[in-house]
$ cat final.cif   # mmCIF, C-alpha atoms (C1' of nucleotides)
data_final
loop_
_atom_site.label_atom_id
_atom_site.label_comp_id
_atom_site.auth_asym_id
_atom_site.auth_seq_id
_atom_site.Cartn_x
_atom_site.Cartn_y
_atom_site.Cartn_z
CA MET N 1 -1.89 4.59 2.93
CA LYS N 2 -2.16 8.10 4.27
CA SER N 3 0.11 9.13 7.11
CA THR N 4 -1.57 11.92 9.01
CA GLY N 5 0.88 11.77 11.87
CA LEU N 6 3.75 9.48 12.58
CA LEU N 7 1.60 6.81 14.14
CA VAL N 8 -1.72 5.22 13.27
CA ASP N 9 -4.84 6.15 15.16
CA CYS N 10 -6.45 2.79 15.75
CA GLY N 11 -9.23 4.14 17.93
CA ALA N 12 -10.30 2.49 21.13
CA PRO N 13 -10.45 -1.28 21.18
CA PRO N 14 -14.01 -2.58 21.37
CA THR N 15 -15.07 -3.02 24.97
CA GLY N 16 -16.11 -6.35 26.38
CA ASP N 17 -14.00 -8.05 23.77
CA SER N 18 -12.68 -11.47 24.64
CA HIS N 19 -9.96 -11.12 22.02
CA THR N 20 -8.19 -7.95 23.08
CA ASP N 21 -4.81 -9.47 22.27
CA CYS N 22 -5.93 -9.00 18.68
CA HIS N 23 -5.36 -5.25 19.02
CA LYS N 24 -1.97 -5.76 20.56
CA VAL N 25 -0.98 -7.28 17.23
CA ILE N 26 -3.01 -5.16 14.82
CA MET N 27 -1.86 -1.80 16.15
CA PRO N 28 1.91 -2.32 15.85
CA VAL N 29 1.46 -4.02 12.48
CA ARG N 30 -0.45 -0.99 11.26
CA ASP N 31 2.24 1.32 12.61
CA ALA N 32 4.80 -0.65 10.65
CA LEU N 33 2.71 -0.78 7.48
CA ASP N 34 2.20 2.95 7.71
CA VAL N 35 5.93 3.44 7.28
CA ILE N 36 6.88 0.73 4.83
CA SER N 37 3.86 -0.29 2.82
CA GLY N 38 3.42 0.79 -0.74
CA LYS N 39 5.03 -0.37 -3.87
CA TRP N 40 8.38 1.35 -3.63
CA LYS N 41 9.68 2.01 -0.11
CA LEU N 42 11.19 -1.38 0.63
CA PRO N 43 12.63 -1.79 -2.87
CA ILE N 44 14.35 1.57 -2.43
CA ILE N 45 15.72 0.61 0.96
CA ILE N 46 16.98 -2.66 -0.48
CA ALA N 47 18.62 -0.92 -3.44
CA VAL N 48 20.37 1.62 -1.23
CA SER N 49 21.49 -1.08 1.17
CA ARG N 50 23.00 -3.00 -1.74
CA GLY N 51 25.25 -0.10 -2.68
CA HIS N 52 23.12 1.97 -5.00
CA ASN N 53 23.64 5.38 -3.47
CA ARG N 54 23.21 7.90 -6.25
CA PHE N 55 19.84 9.02 -7.59
CA ARG N 56 20.27 7.66 -11.12
CA ASP N 57 21.87 4.52 -9.76
CA ILE N 58 18.89 3.78 -7.52
CA GLU N 59 16.53 4.60 -10.39
CA ARG N 60 18.26 2.16 -12.71
CA SER N 61 18.35 -0.58 -10.09
CA ILE N 62 14.60 -0.63 -9.48
CA PRO N 63 12.63 -1.83 -12.51
CA LYS N 64 9.91 0.54 -13.74
CA ILE N 65 10.32 3.23 -11.12
CA THR N 66 10.21 6.81 -12.45
CA SER N 67 12.27 9.73 -11.23
CA LYS N 68 9.19 11.52 -9.97
CA VAL N 69 8.15 8.63 -7.76
CA LEU N 70 11.69 7.96 -6.61
CA SER N 71 12.11 11.60 -5.65
CA LYS N 72 8.92 11.59 -3.61
CA GLU N 73 9.57 8.30 -1.88
CA LEU N 74 13.11 9.30 -0.95
CA LYS N 75 11.68 12.37 0.76
CA ASP N 76 9.20 10.22 2.69
CA LEU N 77 11.95 7.86 3.76
CA GLU N 78 14.03 10.80 4.91
CA THR N 79 11.11 12.05 6.99
CA HIS N 80 10.86 8.66 8.64
CA LYS N 81 14.61 8.74 9.40
CA LEU N 82 15.29 5.68 7.32
CA ILE N 83 17.42 7.34 4.66
CA ARG N 84 19.93 10.15 4.85
CA ARG N 85 20.58 12.52 1.98
CA THR N 86 24.08 13.95 1.85
CA VAL N 87 25.10 16.69 -0.55
CA TYR N 88 28.79 16.97 -1.32
CA ASP N 89 30.08 20.41 -2.11
CA THR N 90 31.78 19.41 -5.32
CA GLN N 91 31.50 20.72 -8.88
CA PRO N 92 28.97 19.53 -9.83
CA VAL N 93 27.26 18.71 -6.58
CA GLN N 94 27.06 15.04 -5.79
CA VAL N 95 24.13 13.71 -3.83
CA GLU N 96 24.41 10.49 -1.92
CA TYR N 97 21.66 8.49 -0.27
CA THR N 98 22.55 6.17 2.55
CA LEU N 99 20.60 4.13 5.05
CA THR N 100 20.49 5.33 8.62
CA PRO N 101 21.37 2.83 11.34
CA TYR N 102 17.67 2.80 12.12
CA ALA N 103 16.89 1.38 8.68
CA ALA N 104 19.02 -1.63 9.57
CA THR N 105 16.34 -2.61 12.08
CA LEU N 106 14.10 -3.37 9.10
CA GLU N 107 16.36 -6.25 8.10
CA SER N 108 14.20 -8.90 9.77
CA VAL N 109 11.10 -7.51 8.06
CA ILE N 110 12.82 -7.60 4.69
CA VAL N 111 14.09 -11.12 5.23
CA ALA N 112 10.64 -12.35 6.27
CA LEU N 113 9.04 -10.75 3.21
CA GLN N 114 11.74 -12.01 0.88
CA GLN N 115 11.38 -15.59 2.06
CA TRP N 116 7.63 -15.51 1.95
CA GLY N 117 7.71 -13.96 -1.52
CA LEU N 118 10.09 -16.65 -2.76
CA GLN N 119 7.94 -19.53 -1.63
CA HIS N 120 4.83 -17.73 -2.84
CA ARG N 121 6.24 -17.40 -6.34
CA LYS N 122 7.13 -21.09 -6.32
CA LYS N 123 3.63 -21.95 -5.17
CA ILE N 124 1.93 -19.81 -7.79
CA LEU N 125 4.12 -21.13 -10.61
CA GLY N 126 3.07 -24.61 -9.51
CA LYS N 127 6.20 -26.15 -8.10
CA MET M 1 -0.91 -1.68 -5.32
CA LYS M 2 -2.49 -3.08 -8.42
CA SER M 3 -2.36 -6.80 -8.98
CA THR M 4 -2.62 -7.49 -12.67
CA GLY M 5 -1.62 -11.10 -12.34
CA LEU M 6 -0.59 -13.16 -9.40
CA LEU M 7 3.03 -12.13 -9.56
CA VAL M 8 4.85 -8.88 -10.12
CA ASP M 9 6.49 -8.13 -13.43
CA CYS M 10 9.81 -6.69 -12.40
CA GLY M 11 11.17 -6.47 -15.89
CA ALA M 12 14.67 -7.56 -16.81
CA PRO M 13 17.40 -6.65 -14.38
CA PRO M 14 19.75 -4.01 -15.77
CA THR M 15 22.61 -5.63 -17.60
CA GLY M 16 26.21 -5.18 -16.60
CA ASP M 17 25.05 -4.49 -13.07
CA SER M 18 27.51 -5.31 -10.33
CA HIS M 19 24.70 -5.52 -7.80
CA THR M 20 22.43 -8.14 -9.34
CA ASP M 21 21.78 -9.69 -5.93
CA CYS M 22 19.69 -6.59 -5.40
CA HIS M 23 17.04 -7.99 -7.72
CA LYS M 24 17.09 -11.30 -5.98
CA VAL M 25 15.79 -9.43 -2.94
CA ILE M 26 13.57 -6.83 -4.58
CA MET M 27 11.58 -9.26 -6.69
CA PRO M 28 10.40 -11.59 -3.93
CA VAL M 29 9.72 -8.65 -1.63
CA ARG M 30 7.54 -7.11 -4.31
CA ASP M 31 5.73 -10.40 -4.82
CA ALA M 32 5.00 -10.48 -1.10
CA LEU M 33 3.95 -6.84 -0.95
CA ASP M 34 1.64 -7.42 -3.87
CA VAL M 35 -0.34 -9.86 -1.76
CA ILE M 36 -0.25 -8.30 1.67
CA SER M 37 0.37 -4.59 1.35
CA GLY M 38 -2.37 -2.11 1.87
CA LYS M 39 -4.02 -0.90 4.99
CA TRP M 40 -6.31 -3.81 5.77
CA LYS M 41 -5.12 -7.24 4.60
CA LEU M 42 -2.83 -8.11 7.49
CA PRO M 43 -5.17 -6.70 10.14
CA ILE M 44 -7.92 -8.90 8.69
CA ILE M 45 -5.70 -11.97 8.74
CA ILE M 46 -4.73 -11.21 12.32
CA ALA M 47 -8.34 -10.73 13.38
CA VAL M 48 -9.46 -13.99 11.78
CA SER M 49 -6.52 -15.86 13.28
CA ARG M 50 -7.50 -14.54 16.70
CA GLY M 51 -10.93 -16.11 16.52
CA HIS M 52 -13.00 -13.46 14.79
CA ASN M 53 -14.68 -15.58 12.16
CA ARG M 54 -17.97 -13.89 11.37
CA PHE M 55 -18.31 -10.84 9.13
CA ARG M 56 -19.62 -8.45 11.81
CA ASP M 57 -17.20 -9.87 14.32
CA ILE M 58 -14.22 -9.14 12.07
CA GLU M 59 -15.63 -5.70 11.32
CA ARG M 60 -15.94 -4.85 15.00
CA SER M 61 -12.48 -6.12 15.80
CA ILE M 62 -10.69 -3.86 13.31
CA PRO M 63 -10.94 -0.18 14.23
CA LYS M 64 -12.34 2.07 11.50
CA ILE M 65 -12.80 -0.54 8.81
CA THR M 66 -16.07 -0.28 6.87
CA SER M 67 -18.19 -3.15 5.63
CA LYS M 68 -17.56 -2.18 2.03
CA VAL M 69 -13.80 -2.37 2.41
CA LEU M 70 -13.94 -5.52 4.51
CA SER M 71 -16.10 -7.23 1.91
CA LYS M 72 -13.71 -6.35 -0.89
CA GLU M 73 -10.57 -7.31 1.01
CA LEU M 74 -12.02 -10.65 2.08
CA LYS M 75 -12.62 -11.44 -1.59
CA ASP M 76 -9.02 -10.54 -2.44
CA LEU M 77 -7.73 -12.72 0.37
CA GLU M 78 -9.89 -15.58 -0.85
CA THR M 79 -8.44 -15.17 -4.34
CA HIS M 80 -4.97 -15.40 -2.89
CA LYS M 81 -5.95 -18.59 -1.02
CA LEU M 82 -5.30 -17.03 2.35
CA ILE M 83 -8.86 -17.09 3.63
CA ARG M 84 -11.64 -19.57 3.16
CA ARG M 85 -15.31 -18.57 3.16
CA THR M 86 -17.70 -21.23 4.35
CA VAL M 87 -21.45 -20.87 4.10
CA TYR M 88 -23.51 -22.99 6.46
CA ASP M 89 -26.90 -24.03 5.23
CA THR M 90 -28.79 -22.81 8.25
CA GLN M 91 -31.70 -20.43 8.63
CA PRO M 92 -30.52 -17.75 8.29
CA VAL M 93 -27.32 -18.66 6.50
CA GLN M 94 -24.20 -18.33 8.59
CA VAL M 95 -20.96 -17.36 6.93
CA GLU M 96 -17.64 -18.20 8.49
CA TYR M 97 -14.20 -16.96 7.49
CA THR M 98 -11.20 -19.03 8.41
CA LEU M 99 -7.53 -18.92 7.57
CA THR M 100 -6.17 -21.48 5.19
CA PRO M 101 -3.09 -23.44 6.26
CA TYR M 102 -1.25 -21.34 3.71
CA ALA M 103 -2.02 -18.17 5.66
CA ALA M 104 -0.13 -19.63 8.60
CA THR M 105 3.06 -19.21 6.58
CA LEU M 106 2.62 -15.47 6.99
CA GLU M 107 3.23 -15.78 10.72
CA SER M 108 6.91 -14.81 10.50
CA VAL M 109 6.02 -11.75 8.42
CA ILE M 110 3.41 -10.69 10.96
CA VAL M 111 5.77 -11.21 13.87
CA ALA M 112 8.52 -9.22 12.17
CA LEU M 113 6.14 -6.34 11.43
CA GLN M 114 4.62 -6.43 14.90
CA GLN M 115 8.00 -6.23 16.59
CA TRP M 116 9.25 -3.51 14.31
CA GLY M 117 6.03 -1.56 14.81
CA LEU M 118 6.31 -1.84 18.57
CA GLN M 119 9.83 -0.47 18.74
CA HIS M 120 8.95 2.17 16.15
CA ARG M 121 6.08 3.46 18.28
CA LYS M 122 8.39 3.61 21.29
CA LYS M 123 10.97 5.49 19.26
CA ILE M 124 8.49 8.01 17.90
CA LEU M 125 6.92 8.63 21.29
CA GLY M 126 10.43 9.36 22.52
CA LYS M 127 11.14 6.56 24.91
"C1'" DG Y 1 29.55 22.78 -29.82
"C1'" DT Y 2 26.57 19.19 -29.32
"C1'" DA Y 3 25.37 15.14 -27.16
"C1'" DA Y 4 25.02 12.91 -22.82
"C1'" DC Y 5 24.92 12.62 -17.81
"C1'" DC Y 6 23.41 14.27 -13.24
"C1'" DA Y 7 19.64 15.37 -9.89
"C1'" DG Y 8 15.88 16.27 -9.95
"C1'" DT Y 9 10.93 19.23 -10.95
"C1'" DT Y 10 6.65 20.21 -13.39
"C1'" DT Y 11 2.38 19.31 -15.67
"C1'" DC Y 12 -1.17 16.57 -16.88
"C1'" DC Y 13 -3.73 12.58 -16.34
"C1'" DA Y 14 -5.58 7.75 -15.06
"C1'" DA Y 15 -6.25 4.24 -11.85
"C1'" DA Y 16 -6.58 2.46 -7.33
"C1'" DA Y 17 -7.78 2.88 -2.70
"C1'" DG Y 18 -10.64 4.36 0.64
"C1'" DG Y 19 -14.64 6.83 3.00
"C1'" DT Y 20 -19.88 8.01 3.68
"C1'" DA Y 21 -24.26 6.86 3.67
"C1'" DA Y 22 -27.99 4.39 2.55
"C1'" DG Y 23 -30.33 0.25 1.33
"C1'" DT Y 24 -31.52 -5.02 0.77
"C1'" DG Y 25 -33.57 -9.25 2.28
"C1'" DC Y 26 -33.69 -12.08 5.86
"C1'" DT Y 27 -34.34 -13.34 11.00
"C1'" DT Y 28 -34.44 -12.93 15.83
"C1'" DT Y 29 -35.39 -10.53 20.01
"C1'" DA Y 30 -38.24 -7.44 23.11
"C1'" DT O 1 -44.94 -5.15 15.55
"C1'" DA O 2 -41.03 -2.44 15.90
"C1'" DA O 3 -36.17 -2.54 16.61
"C1'" DA O 4 -31.99 -4.68 15.93
"C1'" DG O 5 -28.76 -8.01 14.01
"C1'" DC O 6 -26.62 -10.46 10.03
"C1'" DA O 7 -24.08 -10.29 5.62
"C1'" DC O 8 -23.55 -7.74 2.57
"C1'" DT O 9 -24.15 -4.31 -1.85
"C1'" DT O 10 -24.67 0.06 -4.20
"C1'" DA O 11 -23.85 4.81 -5.47
"C1'" DC O 12 -21.18 8.61 -5.06
"C1'" DC O 13 -17.28 11.02 -3.90
"C1'" DT O 14 -12.36 12.31 -2.34
"C1'" DT O 15 -7.68 11.16 -1.66
"C1'" DT O 16 -3.69 8.78 -2.84
"C1'" DT O 17 -0.74 6.67 -5.87
"C1'" DG O 18 1.38 6.11 -9.99
"C1'" DG O 19 2.71 6.86 -14.95
"C1'" DA O 20 4.31 9.68 -19.24
"C1'" DA O 21 6.67 13.20 -20.95
"C1'" DA O 22 8.89 17.29 -21.05
"C1'" DC O 23 11.94 20.42 -19.04
"C1'" DT O 24 15.71 22.86 -15.95
"C1'" DG O 25 20.30 24.10 -15.07
"C1'" DG O 26 24.25 22.60 -14.41
"C1'" DT O 27 28.76 19.51 -16.07
"C1'" DT O 28 31.54 16.60 -18.72
"C1'" DA O 29 32.99 13.78 -22.66
"C1'" DC O 30 33.77 13.54 -27.70
#

$ encode --input "final.cif" --output "structure tokens"
Amino acid sequence: MKSTGLLVDCGAPPTGDSHTDCHKVIMPVRDALDVISGKWKLPIIIAVSRGHNRFRDIERSIPKITSKVLSKELKDLETHKLIRRTVYDTQPVQVEYTLTPYAATLESVIVALQQWGLQHRKKILGK
Amino acid sequence: MKSTGLLVDCGAPPTGDSHTDCHKVIMPVRDALDVISGKWKLPIIIAVSRGHNRFRDIERSIPKITSKVLSKELKDLETHKLIRRTVYDTQPVQVEYTLTPYAATLESVIVALQQWGLQHRKKILGK
DNA sequence: GTAACCAGTTTCCAAAAGGTAAGTGCTTTA
DNA sequence: TAAAGCACTTACCTTTTGGAAACTGGTTAC
């Protein structure tokens, strides 16, 4: 999903619509998806929140991610103020990724997705 | 996000990892994202749940969606047993899209995303 | 002194997602 | 009888996403 700005342009709601509450749900959901959808963003946030704070550590903790993709996604997450990148002036330099307090607000989203994903897997495997 | 099967192959978790609980979160989240991520799936589910049941009606209720994309996404959602397509044997044929009971289980995910999206928009617009 | 680790970047490419525009076959409305 | 609506499909194209592999420039461990 392309992010032209920081929020989604949903256009004007159709006029004369008897279901305008529909847009009151769709618009915020699209704003949220714009930030967190895609294959890697939430997995990265989860990994960092679980104590994987170094680049190679995050990379190893997320199956099949490549360094190129990780590098790009970390930059996106920084732009959205969800992850902070700290460089320590050591020899050699150490780089640490941490969640911002703002990222903690995603907890309920992650929990909802985790629980739905768990029951979905059970359903598909034919519990 | 490509869906080769119905569930994500996350590979084996790294061995000797002190943060294995990380995978217990990442895997179900990726299973869930595999079904619902992308720009249109949740907006379509929301629209249908709000009483937009005909093709053109859904199309009009979601800003900027095109009939090509809507057609494709509806098929995906049918495959995932989230939407049911019913054809009425009238002249001309009427087609109705409804949510399956299973789709109702996504309610908590939608609510979590809606609320996060709402506060995110407020934050970005500099409340 | 060479192999390995760190934190990435670069290049090249394929696949997936999404947009534009037009068209199809049917029916209903003005 | 022409215009418009319904439920789509098709062809073509651009953008986005993702993957493989090599490489950089440093440091540390053996």

$ calpha_fit_and_write --input "final.cif" --fixed "chain M" --moving "chain N" --output "compact mmCIF listing (two decimals) with C-alpha atoms, keeping the file's coordinate frame"
# COMPACT_ATOMS: atom_id res chain seq x y z
CA MET N 1 -0.87 -1.63 -5.43
CA LYS N 2 -2.44 -3.07 -8.53
CA SER N 3 -2.29 -6.81 -9.06
CA THR N 4 -2.50 -7.49 -12.77
CA GLY N 5 -1.57 -11.12 -12.40
CA LEU N 6 -0.58 -13.15 -9.42
CA LEU N 7 3.04 -12.13 -9.58
CA VAL N 8 4.86 -8.87 -10.14
CA ASP N 9 6.50 -8.13 -13.45
CA CYS N 10 9.82 -6.69 -12.40
CA GLY N 11 11.21 -6.47 -15.91
CA ALA N 12 14.70 -7.53 -16.80
CA PRO N 13 17.45 -6.68 -14.37
CA PRO N 14 19.79 -4.02 -15.71
CA THR N 15 22.67 -5.61 -17.58
CA GLY N 16 26.26 -5.13 -16.56
CA ASP N 17 25.11 -4.51 -13.03
CA SER N 18 27.57 -5.32 -10.29
CA HIS N 19 24.74 -5.55 -7.78
CA THR N 20 22.48 -8.18 -9.30
CA ASP N 21 21.82 -9.70 -5.89
CA CYS N 22 19.74 -6.59 -5.36
CA HIS N 23 17.08 -8.00 -7.70
CA LYS N 24 17.12 -11.33 -5.96
CA VAL N 25 15.82 -9.47 -2.93
CA ILE N 26 13.62 -6.84 -4.56
CA MET N 27 11.62 -9.25 -6.70
CA PRO N 28 10.42 -11.61 -3.95
CA VAL N 29 9.75 -8.66 -1.64
CA ARG N 30 7.58 -7.12 -4.32
CA ASP N 31 5.77 -10.41 -4.83
CA ALA N 32 5.04 -10.49 -1.13
CA LEU N 33 3.98 -6.84 -0.96
CA ASP N 34 1.67 -7.41 -3.88
CA VAL N 35 -0.31 -9.86 -1.78
CA ILE N 36 -0.22 -8.32 1.66
CA SER N 37 0.40 -4.61 1.38
CA GLY N 38 -2.35 -2.12 1.90
CA LYS N 39 -4.01 -0.91 4.98
CA TRP N 40 -6.31 -3.80 5.74
CA LYS N 41 -5.14 -7.23 4.58
CA LEU N 42 -2.85 -8.09 7.47
CA PRO N 43 -5.20 -6.66 10.10
CA ILE N 44 -7.94 -8.88 8.68
CA ILE N 45 -5.72 -11.94 8.71
CA ILE N 46 -4.74 -11.18 12.29
CA ALA N 47 -8.36 -10.70 13.36
CA VAL N 48 -9.47 -13.96 11.77
CA SER N 49 -6.52 -15.81 13.25
CA ARG N 50 -7.48 -14.51 16.69
CA GLY N 51 -10.93 -16.07 16.49
CA HIS N 52 -13.01 -13.43 14.79
CA ASN N 53 -14.69 -15.54 12.15
CA ARG N 54 -17.99 -13.88 11.36
CA PHE N 55 -18.35 -10.82 9.14
CA ARG N 56 -19.67 -8.46 11.82
CA ASP N 57 -17.22 -9.86 14.33
CA ILE N 58 -14.25 -9.11 12.08
CA GLU N 59 -15.69 -5.67 11.32
CA ARG N 60 -16.00 -4.82 15.00
CA SER N 61 -12.52 -6.09 15.79
CA ILE N 62 -10.73 -3.84 13.30
CA PRO N 63 -10.99 -0.15 14.21
CA LYS N 64 -12.40 2.12 11.49
CA ILE N 65 -12.88 -0.50 8.81
CA THR N 66 -16.17 -0.27 6.89
CA SER N 67 -18.26 -3.16 5.64
CA LYS N 68 -17.63 -2.20 2.04
CA VAL N 69 -13.87 -2.36 2.43
CA LEU N 70 -14.01 -5.50 4.53
CA SER N 71 -16.16 -7.20 1.92
CA LYS N 72 -13.74 -6.32 -0.87
CA GLU N 73 -10.61 -7.26 1.01
CA LEU N 74 -12.06 -10.60 2.08
CA LYS N 75 -12.67 -11.38 -1.58
CA ASP N 76 -9.08 -10.49 -2.44
CA LEU N 77 -7.77 -12.66 0.36
CA GLU N 78 -9.93 -15.52 -0.86
CA THR N 79 -8.48 -15.12 -4.35
CA HIS N 80 -4.99 -15.36 -2.91
CA LYS N 81 -5.97 -18.54 -1.03
CA LEU N 82 -5.31 -16.98 2.33
CA ILE N 83 -8.88 -17.04 3.62
CA ARG N 84 -11.67 -19.52 3.16
CA ARG N 85 -15.32 -18.54 3.17
CA THR N 86 -17.70 -21.22 4.37
CA VAL N 87 -21.46 -20.89 4.15
CA TYR N 88 -23.48 -23.04 6.51
CA ASP N 89 -26.87 -24.14 5.30
CA THR N 90 -28.72 -22.97 8.36
CA GLN N 91 -31.69 -20.63 8.82
CA PRO N 92 -30.49 -17.96 8.50
CA VAL N 93 -27.32 -18.77 6.64
CA GLN N 94 -24.18 -18.40 8.67
CA VAL N 95 -20.98 -17.37 6.97
CA GLU N 96 -17.65 -18.19 8.50
CA TYR N 97 -14.23 -16.95 7.49
CA THR N 98 -11.21 -19.00 8.40
CA LEU N 99 -7.54 -18.88 7.55
CA THR N 100 -6.20 -21.46 5.15
CA PRO N 101 -3.11 -23.40 6.22
CA TYR N 102 -1.26 -21.31 3.68
CA ALA N 103 -2.04 -18.14 5.63
CA ALA N 104 -0.16 -19.62 8.57
CA THR N 105 3.04 -19.22 6.55
CA LEU N 106 2.60 -15.46 6.97
CA GLU N 107 3.20 -15.79 10.71
CA SER N 108 6.88 -14.83 10.49
CA VAL N 109 6.01 -11.77 8.40
CA ILE N 110 3.40 -10.70 10.93
CA VAL N 111 5.75 -11.23 13.85
CA ALA N 112 8.52 -9.23 12.16
CA LEU N 113 6.13 -6.37 11.41
CA GLN N 114 4.62 -6.44 14.87
CA GLN N 115 8.00 -6.24 16.58
CA TRP N 116 9.26 -3.53 14.31
CA GLY N 117 6.04 -1.57 14.78
CA LEU N 118 6.31 -1.85 18.56
CA GLN N 119 9.83 -0.50 18.73
CA HIS N 120 8.97 2.15 16.15
CA ARG N 121 6.10 3.44 18.26
CA LYS N 122 8.40 3.57 21.28
CA LYS N 123 10.99 5.45 19.27
CA ILE N 124 8.52 7.97 17.91
CA LEU N 125 6.95 8.60 21.31
CA GLY N 126 10.46 9.33 22.57
CA LYS N 127 11.24 6.48 24.90

$ resolve_selection --input "final.cif" --expression "the PyMOL selection byres ((chain N) within 10 of (chain Y))" --output "list of chain:residue names"
N:Met1, N:Lys2, N:Arg54, N:Phe55, N:Arg56, N:Ser67, N:Lys68, N:Leu70, N:Ser71, N:Pro92, N:Val93, N:Gln94, N:Val95

$ resolve_selection --input "final.cif" --expression "the PyMOL selection byres ((chain N and resi 98) around 12)" --output "PyMOL selection string"
chain N and resi 44-55+58+74+77-78+81-87+95-97+99-104

$ interface_residues --input "final.cif" --of "chain O" --to "chain N" --cutoff "8 Å" --atoms "all atoms listed in the file" --output "MDAnalysis selection string"
chainID O and resid 16 18:19 26:27

$ resolve_selection --input "final.cif" --expression "the PyMOL selection byres ((chain N) within 7 of (chain M))" --output "PyMOL selection string"
chain N and resi 1+7+10-11+14+19+22+25-26+28-29+31-32+37-39+43+46-47+50+61+63+108-109+112-114+116-118+121

$ decode --input "final.cif" --residues "stretch 67-79 of chain M" --atoms "N, CA and C atoms" --output "PDB file, in the first residue's frame"
ATOM      1  N   SER M  67     -14.116  -1.519 -10.114  1.00  0.00           N
ATOM      2  CA  SER M  67     -14.864  -2.771 -10.207  1.00  0.00           C
ATOM      3  C   SER M  67     -13.927  -3.955 -10.392  1.00  0.00           C
ATOM      4  N   LYS M  68     -12.829  -3.738 -11.106  1.00  0.00           N
ATOM      5  CA  LYS M  68     -11.884  -4.834 -11.289  1.00  0.00           C
ATOM      6  C   LYS M  68     -11.326  -5.328  -9.955  1.00  0.00           C
ATOM      7  N   VAL M  69     -10.885  -4.392  -9.138  1.00  0.00           N
ATOM      8  CA  VAL M  69     -10.309  -4.753  -7.848  1.00  0.00           C
ATOM      9  C   VAL M  69     -11.371  -5.346  -6.932  1.00  0.00           C
ATOM     10  N   LEU M  70     -12.549  -4.747  -6.928  1.00  0.00           N
ATOM     11  CA  LEU M  70     -13.614  -5.260  -6.071  1.00  0.00           C
ATOM     12  C   LEU M  70     -13.945  -6.700  -6.439  1.00  0.00           C
ATOM     13  N   SER M  71     -14.052  -6.955  -7.736  1.00  0.00           N
ATOM     14  CA  SER M  71     -14.361  -8.299  -8.213  1.00  0.00           C
ATOM     15  C   SER M  71     -13.327  -9.314  -7.729  1.00  0.00           C
ATOM     16  N   LYS M  72     -12.065  -8.952  -7.869  1.00  0.00           N
ATOM     17  CA  LYS M  72     -10.998  -9.858  -7.460  1.00  0.00           C
ATOM     18  C   LYS M  72     -10.983 -10.090  -5.941  1.00  0.00           C
ATOM     19  N   GLU M  73     -11.146  -9.018  -5.195  1.00  0.00           N
ATOM     20  CA  GLU M  73     -11.091  -9.139  -3.733  1.00  0.00           C
ATOM     21  C   GLU M  73     -12.279  -9.929  -3.193  1.00  0.00           C
ATOM     22  N   LEU M  74     -13.434  -9.752  -3.817  1.00  0.00           N
ATOM     23  CA  LEU M  74     -14.603 -10.522  -3.379  1.00  0.00           C
ATOM     24  C   LEU M  74     -14.352 -12.018  -3.564  1.00  0.00           C
ATOM     25  N   LYS M  75     -13.691 -12.362  -4.665  1.00  0.00           N
ATOM     26  CA  LYS M  75     -13.360 -13.780  -4.886  1.00  0.00           C
ATOM     27  C   LYS M  75     -12.414 -14.303  -3.817  1.00  0.00           C
ATOM     28  N   ASP M  76     -11.397 -13.499  -3.490  1.00  0.00           N
ATOM     29  CA  ASP M  76     -10.463 -13.894  -2.427  1.00  0.00           C
ATOM     30  C   ASP M  76     -11.201 -14.109  -1.109  1.00  0.00           C
ATOM     31  N   LEU M  77     -12.094 -13.180  -0.800  1.00  0.00           N
ATOM     32  CA  LEU M  77     -12.807 -13.265   0.479  1.00  0.00           C
ATOM     33  C   LEU M  77     -13.743 -14.469   0.499  1.00  0.00           C
ATOM     34  N   GLU M  78     -14.275 -14.812  -0.662  1.00  0.00           N
ATOM     35  CA  GLU M  78     -15.087 -16.025  -0.749  1.00  0.00           C
ATOM     36  C   GLU M  78     -14.221 -17.260  -0.473  1.00  0.00           C
ATOM     37  N   THR M  79     -13.047 -17.288  -1.093  1.00  0.00           N
ATOM     38  CA  THR M  79     -12.110 -18.398  -0.880  1.00  0.00           C
ATOM     39  C   THR M  79     -11.780 -18.571   0.599  1.00  0.00           C
TER      40      THR M  79
END
